[in-house]
>>> print(open('start.txt').read())   # compact mmCIF, C-alpha atoms and all ligand atoms
# COMPACT_ATOMS: atom_id res chain seq x y z
CA MET A 1 -9.85 9.25 -3.75
CA ILE A 2 -8.20 6.56 -1.67
CA ILE A 3 -5.62 4.64 -3.69
CA ILE A 4 -4.59 1.33 -2.16
CA VAL A 5 -1.47 -0.34 -3.52
CA SER A 6 -0.48 -3.82 -2.40
CA ALA A 7 2.15 -6.22 -3.65
CA PRO A 8 4.25 -9.16 -2.56
CA SER A 9 7.66 -8.16 -1.24
CA GLY A 10 10.09 -7.59 -4.12
CA ALA A 11 7.48 -6.81 -6.78
CA GLY A 12 8.60 -3.19 -7.11
CA LYS A 13 5.77 -1.48 -5.26
CA THR A 14 7.96 1.10 -3.50
CA SER A 15 9.55 2.28 -6.76
CA ILE A 16 6.15 2.65 -8.39
CA CYS A 17 4.62 4.46 -5.38
CA ASP A 18 7.64 6.79 -5.11
CA ALA A 19 7.26 7.75 -8.78
CA LEU A 20 3.53 8.42 -8.37
CA ILE A 21 4.09 10.69 -5.37
CA LYS A 22 6.95 12.52 -7.07
CA GLU A 23 5.13 13.12 -10.34
CA ASP A 24 1.62 13.87 -9.11
CA LYS A 25 1.33 16.68 -6.59
CA ASN A 26 -2.30 15.80 -5.91
CA ILE A 27 -1.34 12.48 -4.35
CA VAL A 28 -0.33 12.42 -0.68
CA TYR A 29 1.47 9.42 0.79
CA SER A 30 -0.09 7.93 3.91
CA VAL A 31 2.71 7.48 6.44
CA SER A 32 1.88 4.38 8.48
CA THR A 33 2.88 3.59 12.04
CA THR A 34 4.91 0.43 12.59
CA THR A 35 6.62 -1.54 15.33
CA ARG A 36 9.41 -2.74 13.05
CA GLN A 37 12.89 -1.28 13.38
CA PRO A 38 13.88 1.46 10.92
CA ARG A 39 16.06 0.22 8.05
CA GLU A 40 19.22 2.06 7.09
CA GLY A 41 18.34 5.52 5.78
CA GLU A 42 14.73 5.47 6.99
CA LYS A 43 13.60 8.49 8.99
CA ASN A 44 10.84 8.70 11.58
CA GLY A 45 7.83 10.42 10.06
CA VAL A 46 9.00 9.95 6.47
CA GLU A 47 8.72 6.25 5.59
CA TYR A 48 6.95 5.36 8.85
CA TYR A 49 6.31 6.50 12.39
CA PHE A 50 8.35 4.00 14.38
CA VAL A 51 6.89 3.02 17.76
CA ASP A 52 7.28 0.14 20.21
CA ASP A 53 4.67 -2.58 20.84
CA LYS A 54 3.34 -0.85 23.97
CA LYS A 55 2.73 2.44 22.18
CA PHE A 56 1.13 0.67 19.19
CA LYS A 57 -1.30 -1.18 21.46
CA GLU A 58 -2.21 2.10 23.16
CA MET A 59 -2.90 3.65 19.76
CA VAL A 60 -5.11 0.70 18.82
CA LYS A 61 -7.07 1.16 22.07
CA LYS A 62 -7.46 4.87 21.38
CA ASN A 63 -8.90 4.08 17.93
CA VAL A 64 -6.13 5.96 16.14
CA PHE A 65 -6.10 3.52 13.22
CA VAL A 66 -8.62 3.08 10.46
CA GLU A 67 -7.02 -0.33 9.92
CA TRP A 68 -4.07 -2.19 11.35
CA ALA A 69 -2.53 -5.61 10.74
CA LYS A 70 0.35 -7.87 11.67
CA VAL A 71 2.65 -8.29 8.68
CA HIS A 72 5.89 -10.31 8.77
CA ASN A 73 5.74 -10.36 12.60
CA HIS A 74 5.37 -6.61 13.05
CA PHE A 75 2.38 -4.34 13.49
CA TYR A 76 1.41 -1.71 10.91
CA GLY A 77 -1.44 0.79 11.08
CA THR A 78 -3.00 3.57 8.99
CA SER A 79 -3.98 6.81 10.75
CA LYS A 80 -7.70 7.55 10.55
CA LYS A 81 -7.13 11.29 11.10
CA VAL A 82 -4.63 11.72 8.26
CA LEU A 83 -6.82 9.70 5.90
CA GLU A 84 -9.94 11.79 6.63
CA GLN A 85 -8.08 15.12 6.61
CA THR A 86 -6.45 14.37 3.26
CA ILE A 87 -9.71 13.36 1.60
CA ASN A 88 -11.47 16.41 3.03
CA LYS A 89 -8.79 18.62 1.49
CA GLY A 90 -9.68 17.16 -1.90
CA LYS A 91 -6.37 15.34 -2.26
CA ASP A 92 -5.85 11.71 -3.17
CA ILE A 93 -4.19 9.53 -0.55
CA LEU A 94 -1.93 6.63 -1.44
CA LEU A 95 -1.95 3.71 0.97
CA ASP A 96 0.92 1.25 0.56
CA ILE A 97 -0.58 -1.49 2.72
CA ASP A 98 -0.82 -5.27 2.82
CA VAL A 99 -3.75 -7.35 1.57
CA GLN A 100 -5.40 -7.65 5.01
CA GLY A 101 -5.38 -3.88 5.49
CA ALA A 102 -6.62 -3.33 1.93
CA VAL A 103 -9.71 -5.44 2.55
CA LYS A 104 -10.43 -3.59 5.81
CA ILE A 105 -10.21 -0.19 4.08
CA LYS A 106 -12.42 -1.31 1.19
CA LYS A 107 -15.11 -2.40 3.66
CA GLN A 108 -15.23 1.11 5.12
CA TYR A 109 -14.59 3.10 1.93
CA LYS A 110 -16.40 1.39 -0.92
CA ASN A 111 -14.98 3.78 -3.52
CA ALA A 112 -11.35 3.07 -2.65
CA LEU A 113 -9.31 2.23 -5.73
CA MET A 114 -7.39 -1.02 -5.29
CA ILE A 115 -4.27 -1.71 -7.32
CA PHE A 116 -2.35 -4.98 -7.06
CA ILE A 117 1.23 -5.16 -8.26
CA THR A 118 3.17 -8.34 -8.85
CA THR A 119 5.79 -9.81 -11.16
CA PRO A 120 4.77 -11.80 -14.25
CA THR A 121 5.81 -15.04 -12.47
CA LEU A 122 6.83 -16.20 -9.00
CA LYS A 123 10.15 -17.30 -10.47
CA ILE A 124 10.90 -13.68 -11.46
CA LEU A 125 9.87 -12.54 -7.97
CA LYS A 126 12.34 -14.97 -6.43
CA GLN A 127 15.11 -13.86 -8.80
CA ARG A 128 14.49 -10.21 -7.86
CA LEU A 129 14.61 -10.98 -4.15
CA ILE A 130 17.90 -12.84 -4.63
CA LYS A 131 19.32 -10.03 -6.80
CA ARG A 132 18.55 -7.24 -4.33
CA ASN A 133 20.73 -9.11 -1.85
CA LYS A 134 18.87 -7.91 1.26
CA ASP A 135 17.52 -11.19 2.62
CA SER A 136 18.83 -14.65 3.46
CA MET A 137 17.57 -17.65 1.43
CA GLU A 138 15.45 -18.57 4.45
CA VAL A 139 13.73 -15.19 4.42
CA ILE A 140 13.32 -15.30 0.63
CA LYS A 141 11.59 -18.67 0.95
CA THR A 142 9.16 -17.22 3.51
CA ARG A 143 8.51 -14.20 1.29
CA ILE A 144 7.66 -16.47 -1.67
CA GLU A 145 5.29 -18.51 0.51
CA ASN A 146 3.69 -15.24 1.68
CA ALA A 147 3.44 -14.06 -1.94
CA LYS A 148 1.41 -17.17 -2.80
CA LYS A 149 -1.05 -16.30 -0.02
CA GLU A 150 -1.16 -12.63 -1.04
CA LEU A 151 -1.95 -13.61 -4.64
CA THR A 152 -5.17 -15.26 -3.46
CA TYR A 153 -6.44 -11.74 -2.59
CA MET A 154 -5.93 -10.50 -6.15
CA PRO A 155 -9.59 -10.94 -7.27
CA LYS A 156 -10.61 -8.38 -4.62
CA TYR A 157 -8.58 -5.68 -6.39
CA ASP A 158 -9.66 -3.45 -9.30
CA TYR A 159 -6.46 -3.39 -11.35
CA LEU A 160 -3.39 -5.54 -11.84
CA ILE A 161 0.02 -4.22 -12.76
CA LEU A 162 2.45 -6.91 -13.84
CA ASN A 163 5.73 -5.23 -13.12
CA ASP A 164 8.03 -6.44 -15.86
CA LYS A 165 9.58 -3.13 -16.97
CA LEU A 166 9.47 -0.47 -14.24
CA ASP A 167 8.91 2.52 -16.59
CA GLU A 168 5.94 0.83 -18.22
CA SER A 169 4.49 -0.13 -14.85
CA ILE A 170 4.71 3.47 -13.62
CA GLU A 171 2.92 4.64 -16.78
CA ASN A 172 0.26 1.96 -16.27
CA ALA A 173 -0.29 3.02 -12.66
CA LYS A 174 -0.63 6.64 -13.76
CA SER A 175 -3.14 5.61 -16.46
CA VAL A 176 -5.25 3.68 -13.97
CA ILE A 177 -5.39 6.68 -11.63
CA CYS A 178 -6.18 9.02 -14.53
CA ALA A 179 -9.01 6.78 -15.77
CA GLU A 180 -10.47 6.51 -12.27
CA ARG A 181 -10.41 10.29 -11.84
CA LEU A 182 -12.37 10.61 -15.08
CA SER A 183 -14.88 7.90 -14.24
CA ILE A 184 -18.55 8.94 -14.06
CA LYS A 185 -18.95 7.41 -10.62
CA ARG A 186 -16.37 9.83 -9.24
CA ASN A 187 -17.85 12.88 -11.01
CA LYS A 188 -21.51 12.74 -10.06
CA ASN A 189 -21.40 16.18 -8.42
CA ILE A 190 -20.29 17.89 -11.58
CA CYS A 191 -22.55 20.58 -13.18
CA GLY A 192 -24.20 21.38 -9.86
CA GLY A 193 -25.08 17.77 -9.18
CA LYS A 194 -27.42 17.57 -12.19
CA VAL A 195 -25.93 14.21 -13.19
CA LYS A 196 -28.05 11.55 -11.53
P1 LIG A 201 7.90 -2.92 4.99
O1 LIG A 201 8.18 -3.18 6.43
O2 LIG A 201 8.73 -3.80 4.08
O3 LIG A 201 8.01 -1.46 4.65
O4 LIG A 201 6.39 -3.30 4.72
C1 LIG A 201 5.93 -4.60 4.95
C2 LIG A 201 4.50 -4.72 4.51
O5 LIG A 201 3.63 -3.97 5.37
C3 LIG A 201 4.20 -4.21 3.09
O6 LIG A 201 3.38 -5.16 2.45
C4 LIG A 201 3.45 -2.93 3.33
O7 LIG A 201 2.56 -2.64 2.25
C5 LIG A 201 2.70 -3.27 4.59
N1 LIG A 201 2.23 -2.07 5.31
C6 LIG A 201 2.86 -0.89 5.45
N2 LIG A 201 2.11 -0.03 6.15
C7 LIG A 201 0.95 -0.67 6.44
C8 LIG A 201 -0.25 -0.29 7.15
O8 LIG A 201 -0.41 0.81 7.66
N3 LIG A 201 -1.21 -1.24 7.25
C9 LIG A 201 -1.09 -2.50 6.70
N4 LIG A 201 -2.11 -3.33 6.83
N5 LIG A 201 0.02 -2.87 6.04
C10 LIG A 201 1.04 -1.98 5.91
>>> encode(input="start.txt", output="structure tokens")
Amino acid sequence: MIIIVSAPSGAGKTSICDALIKEDKNIVYSVSTTTRQPREGEKNGVEYYFVDDKKFKEMVKKNVFVEWAKVHNHFYGTSKKVLEQTINKGKDILLDIDVQGAVKIKKQYKNALMIFITTPTLKILKQRLIKRNKDSMEVIKTRIENAKKELTYMPKYDYLILNDKLDESIENAKSVICAERLSIKRNKNICGGKVK
């Protein structure tokens, strides 16, 4: 199963994704390639593969990516090979990607599970961005404007997690994944494919 998780910046997506990966050994994280600079503590090949613009463009030409997009002025792409290999191994793959990438994946993989995470209100989102003390007010303003655009994609997703309390949101994300795994549409090959 492909699990797509998208969220406006500051909604708590990384914390939720980290918990899912840590607690469920059947879920593999899809490490994207990006042209943005590594942040403090980020390691090449762990959070991202960090490349320059020239290399990214070459990779696009060579069809390395199943989807790629420009987000906040940098390029990000998902490896086609890793995606296919992970699915073929029977594992679930978690894609932490933006709304543009999510739509592109869904077009190619109709069964992809799409989860949207946001805060109960934009005011709370702004407060969280201010509290984490990583961005200037200018950047925060841009992120809120981007969040408004990202929210317009919400109807394309299957599930919404309103991240008020982190623990509850993690439980909700786990429940969504559990329910999807048990869904009839994902279990049609059971009992020797007798289920039509
Ligand atoms: P950040 O640079 O803060 O880690 O991520 C910025 C945004 O890029 C996030 O919304 C993240 O989900 C998105 N992103 C990360 N990897 C990919 C990718 O491979 N493809 C797309 N389309 N978006 C990505």
>>> residues_near_ligand(input="start.txt", ligand="ligand LIG 201 (chain A)", cutoff="6 Å", atoms="only C-alpha atoms and all ligand atoms", output="PyMOL selection string")
chain A and resi 6+32+68-69+71+76-78+96-98+100-101
>>> closest_residue(input="start.txt", among="A:Thr118, A:Leu162, A:Pro8, A:Met154", to="Thr142 of chain A", atoms="all atoms listed in the file")
A:Pro8
>>> closest_residue(input="start.txt", among="A:Phe116, A:His72, A:Thr34, A:Tyr157", to="Val139 of chain A", atoms="all atoms listed in the file")
A:His72
>>> closest_residue(input="start.txt", among="A:Lys80, A:Ser15, A:Lys134, A:Lys54", to="Arg39 of chain A", atoms="only C-alpha atoms")
A:Lys134
>>> closest_residue(input="start.txt", among="A:Ile2, A:Ala179, A:Ala147, A:Ile161", to="Gln108 of chain A", atoms="all atoms listed in the file")
A:Ile2
>>> atom_distance(input="start.txt", atom1="atom CA of Glu67 of chain A", atom2="atom CA of Arg186 of chain A")
23.6 Å
>>> closest_residue(input="start.txt", among="A:Lys55, A:Lys91, A:Lys156, A:Lys43", to="Lys104 of chain A", atoms="only C-alpha atoms")
A:Lys156
>>> closest_residue(input="start.txt", among="A:Val99, A:Ile190, A:Leu83, A:Leu94", to="Leu113 of chain A", atoms="all atoms listed in the file")
A:Leu94
>>> residues_around(input="start.txt", residues="Val176 of chain A", least_positions_apart="6", cutoff="12 Å", atoms="only C-alpha atoms", output="PyMOL selection string")
chain A and resi 3+5+20+113-116+158-161+169-170+182-183
>>> write_last_selection(input="start.txt", atoms="C-alpha atoms", output="compact mmCIF listing (two decimals), in the coordinates of the input")
# COMPACT_ATOMS: atom_id res chain seq x y z
CA ILE A 3 -5.62 4.64 -3.69
CA VAL A 5 -1.47 -0.34 -3.52
CA LEU A 20 3.53 8.42 -8.37
CA LEU A 113 -9.31 2.23 -5.73
CA MET A 114 -7.39 -1.02 -5.29
CA ILE A 115 -4.27 -1.71 -7.32
CA PHE A 116 -2.35 -4.98 -7.06
CA ASP A 158 -9.66 -3.45 -9.30
CA TYR A 159 -6.46 -3.39 -11.35
CA LEU A 160 -3.39 -5.54 -11.84
CA ILE A 161 0.02 -4.22 -12.76
CA SER A 169 4.49 -0.13 -14.85
CA ILE A 170 4.71 3.47 -13.62
CA LEU A 182 -12.37 10.61 -15.08
CA SER A 183 -14.88 7.90 -14.24
>>> atom_distance(input="start.txt", atom1="atom CA of Pro155 of chain A", atom2="atom CA of Val103 of chain A")
11.3 Å
>>> atom_distance(input="start.txt", atom1="atom CA of Leu166 of chain A", atom2="atom CA of Leu151 of chain A")
19.9 Å
>>> residues_around(input="start.txt", residues="Gly45 of chain A", least_positions_apart="5", cutoff="12 Å", atoms="all atoms listed in the file", output="tab-separated table (two decimals) with C-alpha atoms, keeping the file's coordinate frame")
chain	number	residue	atom	x	y	z
A	29	TYR	CA	1.47	9.42	0.79
A	30	SER	CA	-0.09	7.93	3.91
A	31	VAL	CA	2.71	7.48	6.44
A	32	SER	CA	1.88	4.38	8.48
A	33	THR	CA	2.88	3.59	12.04
A	34	THR	CA	4.91	0.43	12.59
A	38	PRO	CA	13.88	1.46	10.92
A	50	PHE	CA	8.35	4.00	14.38
A	51	VAL	CA	6.89	3.02	17.76
>>> residues_around(input="start.txt", residues="Ile27 of chain A", least_positions_apart="2", cutoff="12 Å", atoms="all atoms listed in the file", output="PyMOL selection string")
chain A and resi 1-4+17-25+29-30+83+86-87+89-95+174+177-178+181
>>> residues_around(input="start.txt", residues="Glu145 of chain A", least_positions_apart="4", cutoff="12 Å", atoms="all atoms listed in the file", output="MDAnalysis selection string")
chainID A and resid 8:9 72 122 125:126 138:141 149:152
>>> decode(input="start.txt", residues="segment 67-133 of chain A", atoms="C-alpha atoms", output="short mmCIF file (atom, residue, chain, number, x, y, z; two decimals), in the first residue's frame")
data_model
loop_
_atom_site.label_atom_id
_atom_site.label_comp_id
_atom_site.auth_asym_id
_atom_site.auth_seq_id
_atom_site.Cartn_x
_atom_site.Cartn_y
_atom_site.Cartn_z
CA GLU A 67 6.67 12.46 -9.32
CA TRP A 68 8.53 15.66 -8.62
CA ALA A 69 7.49 19.20 -7.72
CA LYS A 70 8.79 22.62 -6.79
CA VAL A 71 7.91 23.36 -3.17
CA HIS A 72 8.95 26.56 -1.35
CA ASN A 73 11.45 27.33 -4.15
CA HIS A 74 13.22 23.97 -4.07
CA PHE A 75 12.78 20.77 -6.05
CA TYR A 76 11.64 17.52 -4.45
CA GLY A 77 11.21 14.13 -6.09
CA THR A 78 10.12 10.58 -5.23
CA SER A 79 12.19 7.68 -6.58
CA LYS A 80 10.22 5.37 -8.86
CA LYS A 81 12.60 2.46 -8.22
CA VAL A 82 12.31 2.57 -4.41
CA LEU A 83 8.53 2.91 -4.62
CA GLU A 84 8.14 -0.12 -6.92
CA GLN A 85 10.70 -2.25 -5.04
CA THR A 86 9.03 -1.58 -1.69
CA ILE A 87 5.56 -2.44 -2.95
CA ASN A 88 6.86 -5.59 -4.64
CA LYS A 89 8.36 -6.69 -1.33
CA GLY A 90 4.88 -6.49 0.20
CA LYS A 91 5.75 -3.53 2.41
CA ASP A 92 3.82 -0.31 2.78
CA ILE A 93 5.59 2.86 1.70
CA LEU A 94 5.02 6.20 3.38
CA LEU A 95 5.33 9.25 1.17
CA ASP A 96 5.63 12.56 3.00
CA ILE A 97 5.01 14.77 -0.02
CA ASP A 98 3.26 18.01 -0.91
CA VAL A 99 -0.23 18.31 -2.42
CA GLN A 100 1.02 18.57 -6.03
CA GLY A 101 3.04 15.37 -5.69
CA ALA A 102 0.14 13.61 -3.95
CA VAL A 103 -2.19 14.26 -6.88
CA LYS A 104 0.44 13.00 -9.35
CA ILE A 105 0.91 9.76 -7.39
CA LYS A 106 -2.84 9.19 -7.08
CA LYS A 107 -3.21 9.49 -10.86
CA GLN A 108 -0.72 6.66 -11.35
CA TYR A 109 -1.63 4.53 -8.33
CA LYS A 110 -5.39 4.67 -7.86
CA ASN A 111 -5.26 2.64 -4.65
CA ALA A 112 -2.87 5.01 -2.88
CA LEU A 113 -4.16 5.99 0.55
CA MET A 114 -4.19 9.76 1.00
CA ILE A 115 -4.07 11.30 4.46
CA PHE A 116 -4.23 15.05 5.03
CA ILE A 117 -3.04 16.51 8.31
CA THR A 118 -3.73 20.02 9.51
CA THR A 119 -4.43 21.96 12.68
CA PRO A 120 -8.02 22.64 13.82
CA THR A 121 -7.65 26.30 12.72
CA LEU A 122 -5.21 28.47 10.77
CA LYS A 123 -4.77 30.56 13.91
CA ILE A 124 -3.40 27.50 15.75
CA LEU A 125 -1.11 26.78 12.79
CA LYS A 126 0.29 30.30 12.98
CA GLN A 127 0.78 30.03 16.74
CA ARG A 128 2.69 26.75 16.30
CA LEU A 129 4.95 28.24 13.64
CA ILE A 130 5.70 31.20 15.92
CA LYS A 131 6.30 28.89 18.91
CA ARG A 132 8.78 26.62 17.12
CA ASN A 133 10.90 29.71 16.56
#
